[in-house]
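The next block is target-v1.csv, given as CSV, N, CA and C atoms.
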```
chain,number,residue,atom,x,y,z
A,884,MET,N,16.9,29.9,-12.5
A,884,MET,CA,15.8,30.1,-13.5
A,884,MET,C,16.0,29.2,-14.7
A,885,THR,N,15.0,28.6,-15.2
A,885,THR,CA,15.0,27.8,-16.4
A,885,THR,C,14.3,28.6,-17.5
A,886,LYS,N,14.9,28.7,-18.7
A,886,LYS,CA,14.3,29.4,-19.8
A,886,LYS,C,13.7,28.3,-20.7
A,887,LEU,N,12.4,28.4,-20.9
A,887,LEU,CA,11.6,27.5,-21.7
A,887,LEU,C,11.1,28.1,-23.0
A,888,PHE,N,11.3,27.5,-24.1
A,888,PHE,CA,10.8,28.0,-25.4
A,888,PHE,C,9.4,27.4,-25.6
A,889,LEU,N,8.5,28.2,-25.9
A,889,LEU,CA,7.1,27.8,-26.1
A,889,LEU,C,6.8,28.2,-27.6
A,890,SER,N,6.5,27.3,-28.4
A,890,SER,CA,6.2,27.6,-29.8
A,890,SER,C,4.8,28.3,-29.9
A,891,GLN,N,4.6,29.1,-30.9
A,891,GLN,CA,3.3,29.7,-31.1
A,891,GLN,C,2.3,28.7,-31.3
A,892,ALA,N,2.6,27.6,-32.0
A,892,ALA,CA,1.6,26.5,-32.2
A,892,ALA,C,1.2,25.9,-30.9
A,893,GLN,N,2.1,25.7,-30.0
A,893,GLN,CA,1.8,25.1,-28.7
A,893,GLN,C,0.9,26.0,-27.9
A,894,LEU,N,1.2,27.3,-27.9
A,894,LEU,CA,0.3,28.3,-27.2
A,894,LEU,C,-1.1,28.3,-27.8
A,895,GLU,N,-1.2,28.2,-29.1
A,895,GLU,CA,-2.5,28.2,-29.8
A,895,GLU,C,-3.3,26.9,-29.4
A,896,GLU,N,-2.6,25.8,-29.3
A,896,GLU,CA,-3.2,24.5,-28.9
A,896,GLU,C,-3.7,24.7,-27.5
A,897,TRP,N,-2.9,25.2,-26.6
A,897,TRP,CA,-3.4,25.4,-25.2
A,897,TRP,C,-4.6,26.4,-25.1
A,898,ALA,N,-4.5,27.5,-26.0
A,898,ALA,CA,-5.6,28.4,-26.0
A,898,ALA,C,-6.9,27.8,-26.5
A,899,LEU,N,-6.9,26.9,-27.5
A,899,LEU,CA,-8.0,26.2,-28.0
A,899,LEU,C,-8.6,25.3,-27.0
A,900,ALA,N,-7.8,24.7,-26.1
A,900,ALA,CA,-8.2,23.8,-25.1
A,900,ALA,C,-8.5,24.5,-23.8
A,901,ASP,N,-8.5,25.9,-23.8
A,901,ASP,CA,-8.8,26.7,-22.6
A,901,ASP,C,-7.8,26.4,-21.4
A,902,LYS,N,-6.6,26.0,-21.7
A,902,LYS,CA,-5.6,25.7,-20.7
A,902,LYS,C,-4.8,26.9,-20.4
A,903,ALA,N,-4.5,27.7,-21.4
A,903,ALA,CA,-3.6,28.9,-21.2
A,903,ALA,C,-3.9,29.8,-22.4
A,904,ASP,N,-3.5,31.1,-22.2
A,904,ASP,CA,-3.7,32.0,-23.2
A,904,ASP,C,-2.5,33.1,-23.2
A,905,LEU,N,-2.3,33.7,-24.3
A,905,LEU,CA,-1.3,34.8,-24.3
A,905,LEU,C,-2.1,36.1,-24.4
A,906,ARG,N,-1.9,37.0,-23.4
A,906,ARG,CA,-2.5,38.3,-23.3
A,906,ARG,C,-1.5,39.3,-22.9
A,907,GLU,N,-1.4,40.3,-23.8
A,907,GLU,CA,-0.5,41.4,-23.6
A,907,GLU,C,0.9,41.0,-23.2
A,908,GLY,N,1.4,40.0,-24.0
A,908,GLY,CA,2.8,39.6,-23.7
A,908,GLY,C,3.0,38.7,-22.5
A,909,ARG,N,1.9,38.2,-22.0
A,909,ARG,CA,2.0,37.4,-20.7
A,909,ARG,C,1.2,36.1,-20.9
A,910,LEU,N,1.8,35.0,-20.4
A,910,LEU,CA,1.2,33.7,-20.4
A,910,LEU,C,0.2,33.6,-19.3
A,911,VAL,N,-1.1,33.4,-19.6
A,911,VAL,CA,-2.1,33.3,-18.5
A,911,VAL,C,-2.5,31.8,-18.5
A,912,VAL,N,-2.3,31.2,-17.3
A,912,VAL,CA,-2.6,29.8,-17.1
A,912,VAL,C,-4.0,29.6,-16.4
A,913,ALA,N,-5.0,29.1,-17.1
A,913,ALA,CA,-6.3,29.0,-16.5
A,913,ALA,C,-6.4,28.2,-15.3
A,914,ALA,N,-5.6,27.1,-15.3
A,914,ALA,CA,-5.6,26.1,-14.1
A,914,ALA,C,-5.1,26.8,-12.9
A,915,GLU,N,-4.4,27.9,-13.0
A,915,GLU,CA,-3.8,28.6,-11.8
A,915,GLU,C,-4.7,29.8,-11.5
A,916,GLY,N,-5.9,29.8,-11.9
A,916,GLY,CA,-6.8,31.0,-11.6
A,916,GLY,C,-6.4,32.2,-12.3
A,917,GLY,N,-5.9,32.1,-13.5
A,917,GLY,CA,-5.5,33.2,-14.3
A,917,GLY,C,-4.2,33.9,-14.0
A,918,THR,N,-3.3,33.1,-13.2
A,918,THR,CA,-2.0,33.7,-12.9
A,918,THR,C,-1.2,33.8,-14.2
A,919,ASP,N,-0.4,34.9,-14.3
A,919,ASP,CA,0.3,35.1,-15.5
A,919,ASP,C,1.8,35.3,-15.3
A,920,TRP,N,2.6,35.0,-16.4
A,920,TRP,CA,4.0,35.1,-16.4
A,920,TRP,C,4.4,35.8,-17.7
A,921,PRO,N,5.5,36.7,-17.6
A,921,PRO,CA,5.9,37.4,-18.8
A,921,PRO,C,6.6,36.4,-19.8
A,922,LEU,N,6.3,36.8,-21.1
A,922,LEU,CA,6.9,36.0,-22.2
A,922,LEU,C,7.7,37.0,-23.1
A,923,THR,N,8.8,36.5,-23.6
A,923,THR,CA,9.6,37.3,-24.6
A,923,THR,C,9.5,36.7,-25.9
A,924,PRO,N,9.1,37.5,-27.0
A,924,PRO,CA,9.1,36.9,-28.3
A,924,PRO,C,10.5,36.3,-28.7
A,925,ALA,N,10.5,35.2,-29.4
A,925,ALA,CA,11.7,34.5,-29.7
A,925,ALA,C,11.5,33.5,-30.9
A,926,VAL,N,12.5,32.9,-31.4
A,926,VAL,CA,12.4,31.9,-32.4
A,926,VAL,C,13.4,30.8,-32.0
A,927,HIS,N,13.0,29.5,-32.4
A,927,HIS,CA,13.9,28.4,-32.3
A,927,HIS,C,14.5,28.2,-33.7
A,928,VAL,N,15.8,28.2,-33.8
A,928,VAL,CA,16.4,28.1,-35.2
A,928,VAL,C,16.5,26.6,-35.4
A,929,VAL,N,15.8,26.1,-36.4
A,929,VAL,CA,15.7,24.7,-36.7
A,929,VAL,C,16.8,24.2,-37.6
A,930,GLN,N,17.0,24.9,-38.7
A,930,GLN,CA,18.1,24.5,-39.7
A,930,GLN,C,18.5,25.6,-40.5
A,931,LEU,N,19.7,25.4,-41.1
A,931,LEU,CA,20.3,26.3,-42.0
A,931,LEU,C,19.7,26.0,-43.4
A,932,VAL,N,19.2,27.0,-44.1
A,932,VAL,CA,18.6,26.7,-45.4
A,932,VAL,C,19.6,27.0,-46.5
A,933,SER,N,20.4,28.1,-46.4
A,933,SER,CA,21.4,28.5,-47.3
A,933,SER,C,22.5,29.3,-46.6
A,934,GLY,N,23.7,29.3,-47.2
A,934,GLY,CA,24.8,30.1,-46.6
A,934,GLY,C,25.5,29.3,-45.6
A,935,GLU,N,26.3,30.0,-44.8
A,935,GLU,CA,27.0,29.3,-43.7
A,935,GLU,C,26.5,29.7,-42.3
A,936,ASP,N,26.6,28.9,-41.4
A,936,ASP,CA,26.2,29.1,-40.0
A,936,ASP,C,27.3,29.8,-39.2
A,937,THR,N,27.7,31.0,-39.6
A,937,THR,CA,28.8,31.6,-39.0
A,937,THR,C,28.5,32.1,-37.6
A,938,HIS,N,27.3,32.3,-37.2
A,938,HIS,CA,26.9,32.7,-35.9
A,938,HIS,C,26.5,31.5,-35.0
A,939,GLN,N,26.6,30.3,-35.6
A,939,GLN,CA,26.2,29.1,-34.8
A,939,GLN,C,24.8,29.2,-34.2
A,940,LEU,N,23.8,29.4,-35.1
A,940,LEU,CA,22.5,29.6,-34.6
A,940,LEU,C,21.6,28.3,-34.6
A,941,VAL,N,22.0,27.4,-35.4
A,941,VAL,CA,21.2,26.1,-35.6
A,941,VAL,C,21.0,25.5,-34.2
A,942,SER,N,19.8,25.1,-33.9
A,942,SER,CA,19.4,24.5,-32.6
A,942,SER,C,19.4,25.4,-31.4
A,943,LYS,N,19.5,26.7,-31.7
A,943,LYS,CA,19.5,27.7,-30.6
A,943,LYS,C,18.1,28.4,-30.6
A,944,VAL,N,17.8,29.0,-29.4
A,944,VAL,CA,16.7,29.9,-29.3
A,944,VAL,C,17.2,31.3,-29.1
A,945,LYS,N,16.7,32.2,-29.9
A,945,LYS,CA,17.1,33.6,-29.9
A,945,LYS,C,15.9,34.5,-29.7
A,946,THR,N,16.0,35.5,-28.8
A,946,THR,CA,14.9,36.5,-28.7
A,946,THR,C,15.0,37.5,-29.8
A,947,GLU,N,13.9,38.3,-30.0
A,947,GLU,CA,13.9,39.3,-31.0
A,947,GLU,C,15.0,40.3,-30.8
A,948,GLU,N,15.3,40.6,-29.5
A,948,GLU,CA,16.4,41.5,-29.2
A,948,GLU,C,17.8,41.0,-29.7
A,949,GLN,N,18.0,39.7,-29.4
A,949,GLN,CA,19.2,39.1,-29.8
A,949,GLN,C,19.4,39.1,-31.3
A,950,LEU,N,18.3,38.8,-32.0
A,950,LEU,CA,18.3,38.8,-33.5
A,950,LEU,C,18.6,40.2,-34.0
A,951,GLY,N,18.0,41.2,-33.4
A,951,GLY,CA,18.3,42.5,-33.8
A,951,GLY,C,19.7,42.9,-33.7
A,952,ARG,N,20.4,42.4,-32.6
A,952,ARG,CA,21.8,42.7,-32.4
A,952,ARG,C,22.7,42.0,-33.5
A,953,LEU,N,22.2,40.9,-34.0
A,953,LEU,CA,22.9,40.2,-35.1
A,953,LEU,C,22.6,40.8,-36.5
A,954,GLY,N,21.6,41.7,-36.5
A,954,GLY,CA,21.2,42.3,-37.8
A,954,GLY,C,20.3,41.4,-38.6
A,955,ALA,N,19.6,40.5,-37.9
A,955,ALA,CA,18.8,39.5,-38.5
A,955,ALA,C,17.4,40.1,-38.9
A,956,GLU,N,16.9,39.6,-40.0
A,956,GLU,CA,15.5,39.9,-40.4
A,956,GLU,C,14.6,38.7,-40.4
A,957,GLN,N,13.5,38.8,-39.7
A,957,GLN,CA,12.6,37.7,-39.6
A,957,GLN,C,11.4,37.9,-40.6
A,958,MET,N,11.1,36.8,-41.3
A,958,MET,CA,10.0,36.7,-42.2
A,958,MET,C,9.3,35.4,-42.0
A,959,ALA,N,8.1,35.5,-41.2
A,959,ALA,CA,7.3,34.3,-40.9
A,959,ALA,C,8.2,33.3,-40.2
A,960,ASP,N,8.4,32.1,-40.9
A,960,ASP,CA,9.2,31.0,-40.3
A,960,ASP,C,10.6,30.9,-40.8
A,961,SER,N,11.2,32.1,-41.1
A,961,SER,CA,12.6,32.1,-41.5
A,961,SER,C,13.2,33.4,-41.1
A,962,ILE,N,14.6,33.4,-40.9
A,962,ILE,CA,15.3,34.6,-40.6
A,962,ILE,C,16.5,34.6,-41.6
A,963,LEU,N,16.9,35.9,-41.9
A,963,LEU,CA,18.1,36.1,-42.7
A,963,LEU,C,19.1,36.8,-41.9
A,964,VAL,N,20.3,36.3,-41.8
A,964,VAL,CA,21.4,36.9,-41.2
A,964,VAL,C,22.6,37.1,-42.2
A,965,GLY,N,22.8,38.3,-42.7
A,965,GLY,CA,23.7,38.5,-43.8
A,965,GLY,C,23.3,37.7,-45.0
A,966,ASP,N,24.2,36.8,-45.5
A,966,ASP,CA,23.9,35.9,-46.6
A,966,ASP,C,23.3,34.6,-46.2
A,967,SER,N,23.1,34.4,-45.0
A,967,SER,CA,22.6,33.0,-44.5
A,967,SER,C,21.1,33.1,-44.2
A,968,ALA,N,20.4,32.0,-44.6
A,968,ALA,CA,19.0,31.9,-44.3
A,968,ALA,C,18.7,30.7,-43.4
A,969,TYR,N,17.8,30.8,-42.5
A,969,TYR,CA,17.5,29.8,-41.5
A,969,TYR,C,16.0,29.6,-41.4
A,970,GLU,N,15.6,28.3,-41.2
A,970,GLU,CA,14.2,28.0,-40.9
A,970,GLU,C,14.1,28.1,-39.4
A,971,VAL,N,13.0,28.7,-38.9
A,971,VAL,CA,12.8,28.9,-37.5
A,971,VAL,C,11.3,28.6,-37.1
A,972,VAL,N,11.1,28.3,-35.9
A,972,VAL,CA,9.8,28.1,-35.3
A,972,VAL,C,9.6,29.4,-34.4
A,973,PRO,N,8.6,30.2,-34.7
A,973,PRO,CA,8.3,31.4,-33.9
A,973,PRO,C,7.6,30.9,-32.6
A,974,GLY,N,7.9,31.7,-31.6
A,974,GLY,CA,7.3,31.4,-30.3
A,974,GLY,C,7.7,32.5,-29.2
A,975,TYR,N,7.9,32.0,-28.0
A,975,TYR,CA,8.2,32.8,-26.9
A,975,TYR,C,9.1,32.1,-25.9
A,976,VAL,N,9.9,32.9,-25.1
A,976,VAL,CA,10.7,32.3,-24.0
A,976,VAL,C,10.0,32.7,-22.7
A,977,ALA,N,9.8,31.7,-21.8
A,977,ALA,CA,9.3,32.0,-20.5
A,977,ALA,C,10.5,31.6,-19.5
A,978,GLU,N,10.7,32.4,-18.5
A,978,GLU,CA,11.6,32.1,-17.5
A,978,GLU,C,10.9,31.6,-16.2
A,979,VAL,N,11.2,30.4,-15.9
A,979,VAL,CA,10.5,29.8,-14.7
A,979,VAL,C,11.5,29.0,-13.9
A,980,SER,N,11.2,28.8,-12.6
A,980,SER,CA,12.0,27.9,-11.8
A,980,SER,C,11.5,26.5,-11.9
A,981,ALA,N,12.4,25.6,-12.3
A,981,ALA,CA,12.0,24.2,-12.5
A,981,ALA,C,11.8,23.6,-11.1
A,982,PRO,N,10.6,22.9,-10.9
A,982,PRO,CA,10.4,22.3,-9.6
A,982,PRO,C,11.4,21.2,-9.3
A,983,SER,N,11.8,21.0,-8.1
A,983,SER,CA,12.6,20.0,-7.7
A,983,SER,C,11.8,18.7,-7.6
A,984,PRO,N,12.4,17.5,-8.1
A,984,PRO,CA,11.6,16.3,-8.2
A,984,PRO,C,11.2,15.7,-6.8
A,985,GLU,N,12.0,16.1,-5.8
A,985,GLU,CA,11.7,15.6,-4.4
A,985,GLU,C,10.7,16.4,-3.6
A,986,ARG,N,10.2,17.5,-4.2
A,986,ARG,CA,9.3,18.3,-3.4
A,986,ARG,C,8.1,18.6,-4.3
A,987,LYS,N,7.0,18.8,-3.7
A,987,LYS,CA,5.8,19.2,-4.4
A,987,LYS,C,5.9,20.7,-4.8
A,988,PRO,N,5.3,21.1,-6.0
A,988,PRO,CA,5.3,22.5,-6.3
A,988,PRO,C,4.5,23.2,-5.4
A,989,ASN,N,5.0,24.4,-4.9
A,989,ASN,CA,4.2,25.1,-3.9
A,989,ASN,C,4.0,26.6,-4.3
A,990,SER,N,4.7,27.0,-5.3
A,990,SER,CA,4.5,28.4,-5.7
A,990,SER,C,3.9,28.5,-7.1
A,991,GLU,N,3.4,29.6,-7.5
A,991,GLU,CA,2.9,29.8,-8.8
A,991,GLU,C,3.9,29.5,-9.9
A,992,THR,N,5.1,29.9,-9.7
A,992,THR,CA,6.2,29.6,-10.6
A,992,THR,C,6.5,28.1,-10.7
A,993,ASP,N,6.5,27.4,-9.6
A,993,ASP,CA,6.7,26.0,-9.6
A,993,ASP,C,5.6,25.3,-10.4
A,994,LEU,N,4.3,25.7,-10.2
A,994,LEU,CA,3.2,25.1,-10.9
A,994,LEU,C,3.3,25.4,-12.4
A,995,LEU,N,3.7,26.6,-12.8
A,995,LEU,CA,3.8,26.9,-14.2
A,995,LEU,C,4.9,26.0,-14.8
A,996,ALA,N,6.0,25.9,-14.1
A,996,ALA,CA,7.1,25.0,-14.6
A,996,ALA,C,6.7,23.6,-14.7
A,997,ALA,N,6.0,23.1,-13.8
A,997,ALA,CA,5.5,21.7,-13.8
A,997,ALA,C,4.5,21.5,-15.0
A,998,PHE,N,3.6,22.5,-15.1
A,998,PHE,CA,2.6,22.4,-16.2
A,998,PHE,C,3.3,22.4,-17.6
A,999,ILE,N,4.3,23.3,-17.8
A,999,ILE,CA,5.0,23.4,-19.1
A,999,ILE,C,5.8,22.2,-19.3
A,1000,LEU,N,6.6,21.8,-18.3
A,1000,LEU,CA,7.5,20.6,-18.5
A,1000,LEU,C,6.7,19.3,-18.7
A,1001,ASN,N,5.5,19.2,-18.1
A,1001,ASN,CA,4.6,18.1,-18.3
A,1001,ASN,C,4.1,18.1,-19.8
A,1002,LYS,N,3.7,19.3,-20.3
A,1002,LYS,CA,3.2,19.4,-21.6
A,1002,LYS,C,4.3,19.1,-22.7
A,1003,MET,N,5.5,19.5,-22.3
A,1003,MET,CA,6.6,19.3,-23.3
A,1003,MET,C,7.2,17.9,-23.3
A,1004,GLY,N,6.9,17.2,-22.2
A,1004,GLY,CA,7.5,15.8,-22.0
A,1004,GLY,C,6.8,14.8,-22.8
```
Just dump the structure as structure tokens.
Amino acid sequence: MTKLFLSQAQLEEWALADKADLREGRLVVAAEGGTDWPLTPAVHVVQLVSGEDTHQLVSKVKTEEQLGRLGAEQMADSILVGDSAYEVVPGYVAEVSAPSPERKPNSETDLLAAFILNKMG
């Protein structure tokens, strides 16, 4: 399984283009006849704003659950962990199987992975 981070901005762009939508915590891909996949709320930690990166969070993706275990507080596009502040990009994590380059995608999961990897590339 491959974990892919999808920013809230990317999901909004897809929703405006009627390509995909987020409904009840699931990614619904219009091109796949409304097939859906579960998403987990998460953030991509972009940079340390102040303090020290004692938890080595910069450039990592963390789910809300993981942030909770660290005692982190999220406020819009930032998180606080103890005395450290970080800039983050809010979004979601999707777990998909990445399609093999030598075979055509044949399952819904392969098609989602191909769609997302194509959009991110």
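Residues surrounding Val911 in chain A within 12 Å are Leu894, Trp897, Ala898, Asp901, Lys902, Ala903, Asp904, Leu905, Arg906, Glu907, Glu915, Gly916, Gly917, Thr918, Asp919, Trp920, Pro921, Leu922, Ala977, Glu991 and Leu995 of chain A [only C-alpha atoms; sequence separation below 4 positions excluded].
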Contacts of range 951-963 of chain A within 6.5 Å, only N, CA and C atoms, excl. fewer than 6 positions in-chain, as a compact mmCIF listing (two decimals) with N, CA and C atoms, in the frame of the given file:
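Written output follows (result10.txt):
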```txt
# COMPACT_ATOMS: atom_id res chain seq x y z
N TYR A 969 17.80 30.80 -42.50
CA TYR A 969 17.50 29.80 -41.50
C TYR A 969 16.00 29.60 -41.40
N GLU A 970 15.60 28.30 -41.20
CA GLU A 970 14.20 28.00 -40.90
C GLU A 970 14.10 28.10 -39.40
N VAL A 971 13.00 28.70 -38.90
CA VAL A 971 12.80 28.90 -37.50
C VAL A 971 11.30 28.60 -37.10
N VAL A 972 11.10 28.30 -35.90
CA VAL A 972 9.80 28.10 -35.30
C VAL A 972 9.60 29.40 -34.40
N PRO A 973 8.60 30.20 -34.70
CA PRO A 973 8.30 31.40 -33.90
C PRO A 973 7.60 30.90 -32.60
```
Task: Residue neighbourhood Val979 in chain A, 5 Å, all atoms listed in the file, exclusion window fewer than 2 positions, as a ChimeraX atom specification - done: /A:884-886,977,981
- [ ] Quick one: pick out all strand (DSSP E or B) residues within range 888-987 of chain A from a backbone DSSP run and write them as a count of residues only.
- [x] 50
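Straight-line separation from CA of Glu935 in chain A to CA of Glu947 in chain A: 20.8 Å.
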Task: Residue among A:Tyr975, A:Val964, A:Gln949, A:Arg909 lying closest to His927 in chain A, counting only C-alpha atoms - done: A:Tyr975
TODO: Around the point (26.3, 29.7, -41.8), in the coordinates given by the file, pick out the residues reaching within 6 Å, counting only N, CA and C atoms, and return them as a PyMOL selection string.
DONE: chain A and resi 934-938+967
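The interatomic distance for the pair atom C of Ala968 in chain A and atom C of Val929 in chain A works out to 8.9 Å.
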